[in-house]
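The file work-v1.cif contains mmCIF, C-alpha atoms and all ligand atoms:
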data_work
loop_
_atom_site.label_atom_id
_atom_site.label_comp_id
_atom_site.auth_asym_id
_atom_site.auth_seq_id
_atom_site.Cartn_x
_atom_site.Cartn_y
_atom_site.Cartn_z
CA MET N 29 -13.46 26.52 -22.63
CA LYS N 30 -10.56 28.46 -21.07
CA ALA N 31 -12.26 28.53 -17.68
CA SER N 32 -12.77 24.78 -17.64
CA GLU N 33 -9.13 24.21 -18.61
CA ALA N 34 -7.99 26.45 -15.78
CA GLU N 35 -10.34 24.58 -13.48
CA ARG N 36 -8.93 21.26 -14.63
CA SER N 37 -5.36 22.36 -13.98
CA SER N 38 -6.26 23.72 -10.54
CA GLY N 39 -8.00 20.37 -9.97
CA ALA N 40 -4.71 18.60 -10.69
CA GLY N 41 -2.92 21.08 -8.42
CA ALA N 42 -5.45 20.45 -5.65
CA TYR N 43 -4.90 16.71 -6.06
CA GLU N 44 -1.10 17.05 -5.76
CA ARG N 45 -1.37 19.31 -2.72
CA LEU N 46 -3.84 17.06 -0.96
CA LEU N 47 -1.74 13.99 -1.72
CA ARG N 48 1.38 15.71 -0.36
CA ALA N 49 -0.46 16.81 2.79
CA ILE N 50 -1.55 13.19 3.38
CA GLU N 51 1.92 11.87 2.54
CA GLU N 52 3.66 14.26 4.94
CA GLY N 53 1.22 13.49 7.74
CA GLU N 54 -0.22 17.01 7.76
CA LEU N 55 -3.58 15.32 7.10
CA ALA N 56 -3.32 12.11 9.12
CA PRO N 57 -5.44 9.01 8.41
CA GLY N 58 -8.92 9.64 9.81
CA SER N 59 -8.76 13.46 9.40
CA ARG N 60 -11.99 15.05 8.18
CA LEU N 61 -11.80 16.61 4.73
CA ARG N 62 -14.25 19.49 4.31
CA GLU N 63 -14.53 20.96 0.83
CA ALA N 64 -14.99 24.54 2.02
CA GLU N 65 -11.99 24.41 4.38
CA LEU N 66 -9.73 22.84 1.77
CA ALA N 67 -10.84 25.36 -0.86
CA GLU N 68 -9.90 28.17 1.51
CA ARG N 69 -6.61 26.56 2.45
CA PHE N 70 -5.57 26.12 -1.19
CA GLN N 71 -7.18 29.41 -2.30
CA ILE N 72 -9.23 27.76 -5.04
CA SER N 73 -12.91 27.17 -5.69
CA ARG N 74 -14.75 24.14 -4.39
CA THR N 75 -15.10 22.42 -7.79
CA PRO N 76 -11.41 21.45 -8.16
CA VAL N 77 -11.35 20.38 -4.50
CA ARG N 78 -14.36 18.12 -5.08
CA GLU N 79 -12.64 16.73 -8.19
CA ALA N 80 -9.40 16.02 -6.27
CA LEU N 81 -11.35 14.32 -3.46
CA GLY N 82 -13.15 12.16 -6.03
CA ARG N 83 -9.85 11.11 -7.58
CA LEU N 84 -8.34 10.29 -4.16
CA GLU N 85 -11.49 8.34 -3.26
CA ALA N 86 -11.20 6.28 -6.47
CA GLN N 87 -7.59 5.50 -5.43
CA GLY N 88 -8.72 4.42 -1.97
CA LEU N 89 -7.00 7.29 -0.15
CA VAL N 90 -10.20 9.08 0.83
CA ALA N 91 -13.19 7.42 2.47
CA HIS N 92 -16.66 8.84 2.05
CA GLU N 93 -19.29 7.99 4.63
CA PRO N 94 -22.92 9.04 4.10
CA HIS N 95 -23.42 11.04 7.29
CA ARG N 96 -19.86 11.83 8.21
CA GLY N 97 -18.53 13.16 4.92
CA ALA N 98 -15.05 12.65 3.50
CA SER N 99 -11.98 11.77 5.54
CA VAL N 100 -8.46 10.46 4.93
CA ALA N 101 -8.81 6.66 4.73
CA GLN N 102 -7.52 4.54 7.61
CA LEU N 103 -6.03 1.09 7.16
CA ASP N 104 -6.90 -1.59 9.70
CA TYR N 105 -4.38 -4.19 10.85
CA GLY N 106 -5.54 -6.69 8.22
CA GLN N 107 -5.04 -4.20 5.40
CA VAL N 108 -1.59 -3.16 6.64
CA SER N 109 -0.61 -6.82 6.81
CA GLU N 110 -1.98 -7.49 3.30
CA LEU N 111 -0.14 -4.45 1.98
CA TYR N 112 3.21 -5.67 3.36
CA ASP N 113 2.56 -9.21 2.06
CA LEU N 114 2.11 -7.88 -1.47
CA ARG N 115 4.98 -5.45 -1.07
CA GLU N 116 7.27 -8.33 -0.07
CA VAL N 117 6.39 -10.25 -3.24
CA LEU N 118 6.70 -7.22 -5.54
CA GLU N 119 9.92 -5.83 -4.04
CA GLY N 120 11.40 -9.35 -4.04
CA THR N 121 10.55 -9.78 -7.72
CA ALA N 122 11.88 -6.30 -8.57
CA ALA N 123 15.20 -7.09 -6.85
CA ARG N 124 15.45 -10.45 -8.64
CA LEU N 125 14.82 -8.83 -12.03
CA ALA N 126 17.24 -6.00 -11.22
CA ALA N 127 19.94 -8.61 -10.48
CA ILE N 128 19.37 -9.94 -13.99
CA HIS N 129 19.00 -6.65 -15.88
CA ALA N 130 20.81 -3.86 -13.99
CA SER N 131 23.61 -2.25 -15.96
CA ALA N 132 27.00 -1.54 -14.37
CA VAL N 133 26.05 2.15 -14.11
CA GLU N 134 22.72 1.36 -12.40
CA THR N 135 24.52 -0.87 -9.89
CA GLU N 136 27.04 1.90 -9.19
CA ILE N 137 24.20 4.34 -8.59
CA LEU N 138 22.67 1.93 -6.06
CA GLU N 139 26.04 1.57 -4.30
CA GLU N 140 26.42 5.34 -4.16
CA MET N 141 22.92 5.65 -2.69
CA VAL N 142 23.83 3.23 0.12
CA ALA N 143 27.08 5.13 0.77
CA ARG N 144 25.27 8.48 0.88
CA ASP N 145 22.61 7.11 3.26
CA ARG N 146 25.41 6.28 5.74
CA THR N 147 25.94 10.04 6.08
CA LEU N 148 22.22 10.61 6.69
CA LEU N 149 21.77 8.29 9.71
CA GLY N 150 19.79 10.20 12.33
CA ASP N 151 17.90 12.28 9.76
CA ALA N 152 14.70 10.22 9.46
CA PRO N 153 12.81 12.48 6.97
CA ALA N 154 15.84 12.55 4.64
CA LEU N 155 16.23 8.78 4.92
CA ALA N 156 12.52 8.25 4.20
CA ARG N 157 12.99 10.28 1.00
CA THR N 158 16.19 8.51 -0.09
CA ASN N 159 14.59 5.14 0.76
CA ARG N 160 11.82 5.87 -1.77
CA LEU N 161 14.43 6.84 -4.39
CA PHE N 162 16.49 3.70 -3.68
CA HIS N 163 13.51 1.43 -4.24
CA ARG N 164 12.46 3.38 -7.34
CA GLN N 165 15.97 2.92 -8.74
CA ILE N 166 15.63 -0.87 -8.28
CA HIS N 167 12.15 -0.80 -9.85
CA GLY N 168 13.62 0.94 -12.90
CA ALA N 169 16.52 -1.52 -13.16
CA ALA N 170 14.02 -4.43 -13.11
CA ARG N 171 12.91 -3.47 -16.67
CA ASN N 172 9.28 -4.46 -16.28
CA ARG N 173 6.76 -1.68 -16.82
CA PHE N 174 3.80 -3.63 -15.44
CA LEU N 175 5.67 -4.39 -12.25
CA GLN N 176 6.75 -0.75 -12.06
CA SER N 177 3.20 0.59 -12.42
CA THR N 178 1.87 -1.91 -9.86
CA LEU N 179 4.55 -0.78 -7.42
CA GLU N 180 3.69 2.87 -8.12
CA THR N 181 -0.01 2.22 -7.37
CA MET N 182 0.94 0.43 -4.17
CA ARG N 183 3.11 3.38 -3.14
CA LEU N 184 -0.09 5.46 -2.97
CA SER N 185 -1.50 3.11 -0.31
CA LEU N 186 1.74 3.25 1.64
CA VAL N 187 1.04 6.92 2.45
CA LEU N 188 -1.83 5.67 4.64
CA LEU N 189 0.40 3.58 6.90
CA PRO N 190 -0.19 4.47 10.53
CA GLY N 191 2.54 6.33 12.39
CA ALA N 192 5.68 8.13 11.27
CA THR N 193 8.41 6.58 9.10
CA THR N 194 9.88 3.38 10.56
CA LEU N 195 13.30 4.91 9.88
CA ALA N 196 12.75 7.14 12.92
CA ALA N 197 12.73 4.07 15.21
CA PRO N 198 15.97 3.55 17.15
CA ASP N 199 18.35 1.19 15.31
CA ARG N 200 15.91 0.66 12.43
CA ALA N 201 17.69 3.16 10.14
CA ALA N 202 21.06 1.36 10.51
CA GLU N 203 19.41 -2.05 10.09
CA SER N 204 17.55 -0.88 7.00
CA LEU N 205 20.76 0.47 5.51
CA ALA N 206 22.53 -2.89 6.06
CA GLU N 207 19.56 -4.59 4.33
CA HIS N 208 19.84 -2.20 1.38
CA ALA N 209 23.57 -2.99 1.16
CA ALA N 210 22.78 -6.74 1.05
CA ILE N 211 20.30 -6.23 -1.82
CA VAL N 212 22.84 -4.20 -3.79
CA ALA N 213 25.64 -6.72 -3.16
CA ALA N 214 23.44 -9.47 -4.66
CA ILE N 215 22.55 -7.26 -7.65
CA ARG N 216 26.28 -6.52 -8.16
CA VAL N 217 27.04 -10.26 -8.64
CA HIS N 218 23.79 -10.86 -10.62
CA ASP N 219 22.50 -13.34 -8.02
CA GLY N 220 18.72 -13.22 -8.50
CA ASP N 221 17.91 -15.65 -5.66
CA ALA N 222 19.99 -13.73 -3.14
CA ALA N 223 18.62 -10.35 -4.31
CA GLU N 224 15.02 -11.55 -3.96
CA ALA N 225 15.69 -13.10 -0.52
CA ALA N 226 17.40 -9.90 0.69
CA ALA N 227 14.58 -7.67 -0.56
CA ARG N 228 11.93 -9.90 1.03
CA ALA N 229 13.80 -9.89 4.36
CA HIS N 230 14.02 -6.08 4.14
CA ILE N 231 10.24 -5.68 3.72
CA ARG N 232 9.51 -8.20 6.52
CA ALA N 233 11.81 -6.26 8.85
CA ALA N 234 10.08 -2.99 7.87
CA PHE N 235 6.71 -4.59 8.64
CA LYS N 236 7.91 -5.65 12.10
CA ALA N 237 9.18 -2.13 12.79
CA ARG N 238 5.82 -0.74 11.63
CA ILE N 239 3.93 -3.03 14.01
CA ARG N 240 6.17 -1.92 16.91
CA ILE N 241 5.52 1.76 16.14
CA TRP N 242 1.80 1.08 15.89
CA GLN N 243 1.63 -0.74 19.23
CA GLU N 244 3.54 2.07 20.94
CA SER N 245 1.35 4.86 19.52
ZN ZN B 301 14.17 0.19 1.87
#

Before anything else, please render the file you have as structure tokens.
Amino acid sequence: MKASEAERSSGAGAYERLLRAIEEGELAPGSRLREAELAERFQISRTPVREALGRLEAQGLVAHEPHRGASVAQLDYGQVSELYDLREVLEGTAARLAAIHASAVETEILEEMVARDRTLLGDAPALARTNRLFHRQIHGAARNRFLQSTLETMRLSLVLLPGATTLAAPDRAAESLAEHAAIVAAIRVHDGDAAEAAARAHIRAAFKARIRIWQES
């Protein structure tokens, strides 16, 4: 019993470590995933590795081909476009709901996040991190748990986007920050229409930046 519990917890650990390696680009989309190599890398047995790969496969992050074995899933252009389409709808709805429900304190936190990001311009990895936190803060202020869990599931697919963060592209970080400021300004005055429009425009601009990075790579 104890052994299987330990195995389960190392399975969860293997899952987290694999997910992080994919998220940070250490294991890029298309990379082969060999059980034995991963077990050695994480210093665990192959069972938890297999379990973690199975979980990632169920979430669409790992592809398993009969003769090739497992690899990090790759999104084609159609899938990237579909992902941004859905993201535009969901982020737009989250911003609209946040404009209705955000408390004064939540709005202040969003304003502080925008102000802090101004000091991070030029540091793309830091901005990528704070961008995730900014959107999560809006998702929380939207007060809809179903929307929040759908956005969380979608976030998993976002780790498969080709290329580095769009915030590393010249001018994109400053543009993105101005877009965040527009979303927060609309939330501040409880203007749902403006908040949704600003959030949709932000995701469309991010999609365009993603396409540019992709074409250049
Ligand atoms: Zn953003």

- Message: Around (-19.2, 11.5, 4.8), as given in the file, which residues come within 12 Å? Count all atoms listed in the file and list them as a list in words.
- Response: Gly58, Ser59, Arg60, Leu61, Arg62, Glu63, Leu81, Glu85, Val90, Ala91, His92, Glu93, Pro94, His95, Arg96, Gly97, Ala98, Ser99, Val100 and Ala101 of chain N

- Task: May I ask for the distance between CA of Thr75 (chain N) and CA of Tyr43 (chain N), given in Å to one decimal place?
- Result: 11.8 Å

- Distance CA of Ile215 (chain N)-CA of His163 (chain N), one decimal place?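 Interatomic distance, CA of Ile215 (chain N) to CA of His163 (chain N): 13.0 Å.
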
Residue contacts of Leu125 (chain N) (12 Å, all atoms listed in the file) excluding same-chain residues fewer than 3 positions away, as an mmCIF file with C-alpha atoms, keeping the file's coordinate frame:
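Output (selection_6.cif):
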data_model
loop_
_atom_site.group_PDB
_atom_site.id
_atom_site.type_symbol
_atom_site.label_atom_id
_atom_site.label_comp_id
_atom_site.auth_asym_id
_atom_site.auth_seq_id
_atom_site.Cartn_x
_atom_site.Cartn_y
_atom_site.Cartn_z
ATOM 1 C CA LEU N 118 6.700 -7.220 -5.540
ATOM 2 C CA GLU N 119 9.920 -5.830 -4.040
ATOM 3 C CA GLY N 120 11.400 -9.350 -4.040
ATOM 4 C CA THR N 121 10.550 -9.780 -7.720
ATOM 5 C CA ALA N 122 11.880 -6.300 -8.570
ATOM 6 C CA ILE N 128 19.370 -9.940 -13.990
ATOM 7 C CA HIS N 129 19.000 -6.650 -15.880
ATOM 8 C CA ALA N 130 20.810 -3.860 -13.990
ATOM 9 C CA SER N 131 23.610 -2.250 -15.960
ATOM 10 C CA ILE N 166 15.630 -0.870 -8.280
ATOM 11 C CA HIS N 167 12.150 -0.800 -9.850
ATOM 12 C CA GLY N 168 13.620 0.940 -12.900
ATOM 13 C CA ALA N 169 16.520 -1.520 -13.160
ATOM 14 C CA ALA N 170 14.020 -4.430 -13.110
ATOM 15 C CA ARG N 171 12.910 -3.470 -16.670
ATOM 16 C CA ASN N 172 9.280 -4.460 -16.280
ATOM 17 C CA ARG N 173 6.760 -1.680 -16.820
ATOM 18 C CA LEU N 175 5.670 -4.390 -12.250
ATOM 19 C CA GLN N 176 6.750 -0.750 -12.060
ATOM 20 C CA ILE N 211 20.300 -6.230 -1.820
ATOM 21 C CA ALA N 214 23.440 -9.470 -4.660
ATOM 22 C CA ILE N 215 22.550 -7.260 -7.650
ATOM 23 C CA HIS N 218 23.790 -10.860 -10.620
ATOM 24 C CA ASP N 219 22.500 -13.340 -8.020
ATOM 25 C CA GLY N 220 18.720 -13.220 -8.500
ATOM 26 C CA ASP N 221 17.910 -15.650 -5.660
ATOM 27 C CA ALA N 222 19.990 -13.730 -3.140
ATOM 28 C CA ALA N 223 18.620 -10.350 -4.310
ATOM 29 C CA GLU N 224 15.020 -11.550 -3.960
ATOM 30 C CA ALA N 227 14.580 -7.670 -0.560
#

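Shortest atom-to-atom contact with ligand ZN 301 (chain B) among N:Asp145, N:Glu65, N:Asp199, N:Glu52: N:Asp145, counting all atoms listed in the file.
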
Using all atoms listed in the file, tabulate the residues of chain N lying at most 7 Å from any atom of ligand ZN 301 (chain B), each with its closest atom pair and that distance in Å to one decimal, by chain and increasing residue number, as CSV.
residue,atom,partner,partner_atom,distance
N:Asn159,CA,B:ZN301,ZN,5.1
N:Phe162,CA,B:ZN301,ZN,7.0
N:His163,CA,B:ZN301,ZN,6.3
N:Ser204,CA,B:ZN301,ZN,6.2
N:His208,CA,B:ZN301,ZN,6.2
N:His230,CA,B:ZN301,ZN,6.7

- Query: Which residues, written as a PyMOL selection string, have at least one atom at most 12 Å from Leu188 (chain N), with all atoms listed in the file counted and residues fewer than 5 positions away on the same chain left out?
  - Reply: chain N and resi 47-59+84+87-91+99-105+107-108+111+182-183+193

- Selected residue, from N:Arg216, N:Arg144, N:Arg115, N:Arg164, that lies nearest to Ile231 (chain N) when counting all atoms listed in the file: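 For Ile231 (chain N), the nearest of the given residues is N:Arg115.
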
- Message: List the spatial neighbours of Ala152 (chain N) as a list of chain:residue names - criterion: any atom at most 6 Å away, only C-alpha atoms, same-chain residues fewer than 2 positions off excluded.
- Response: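 Surrounding residues, per the criterion: N:Gly150, N:Ala154, N:Leu155, N:Leu195, N:Ala196.
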
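The smallest atom-to-atom distance between Ser245 (chain N) and any of N:Ala67, N:Leu205, N:Pro190, N:Arg200, using only C-alpha atoms, is found for N:Pro190.
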
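Between CA of Trp242 (chain N) and CA of Gly191 (chain N) the separation is 6.4 Å.
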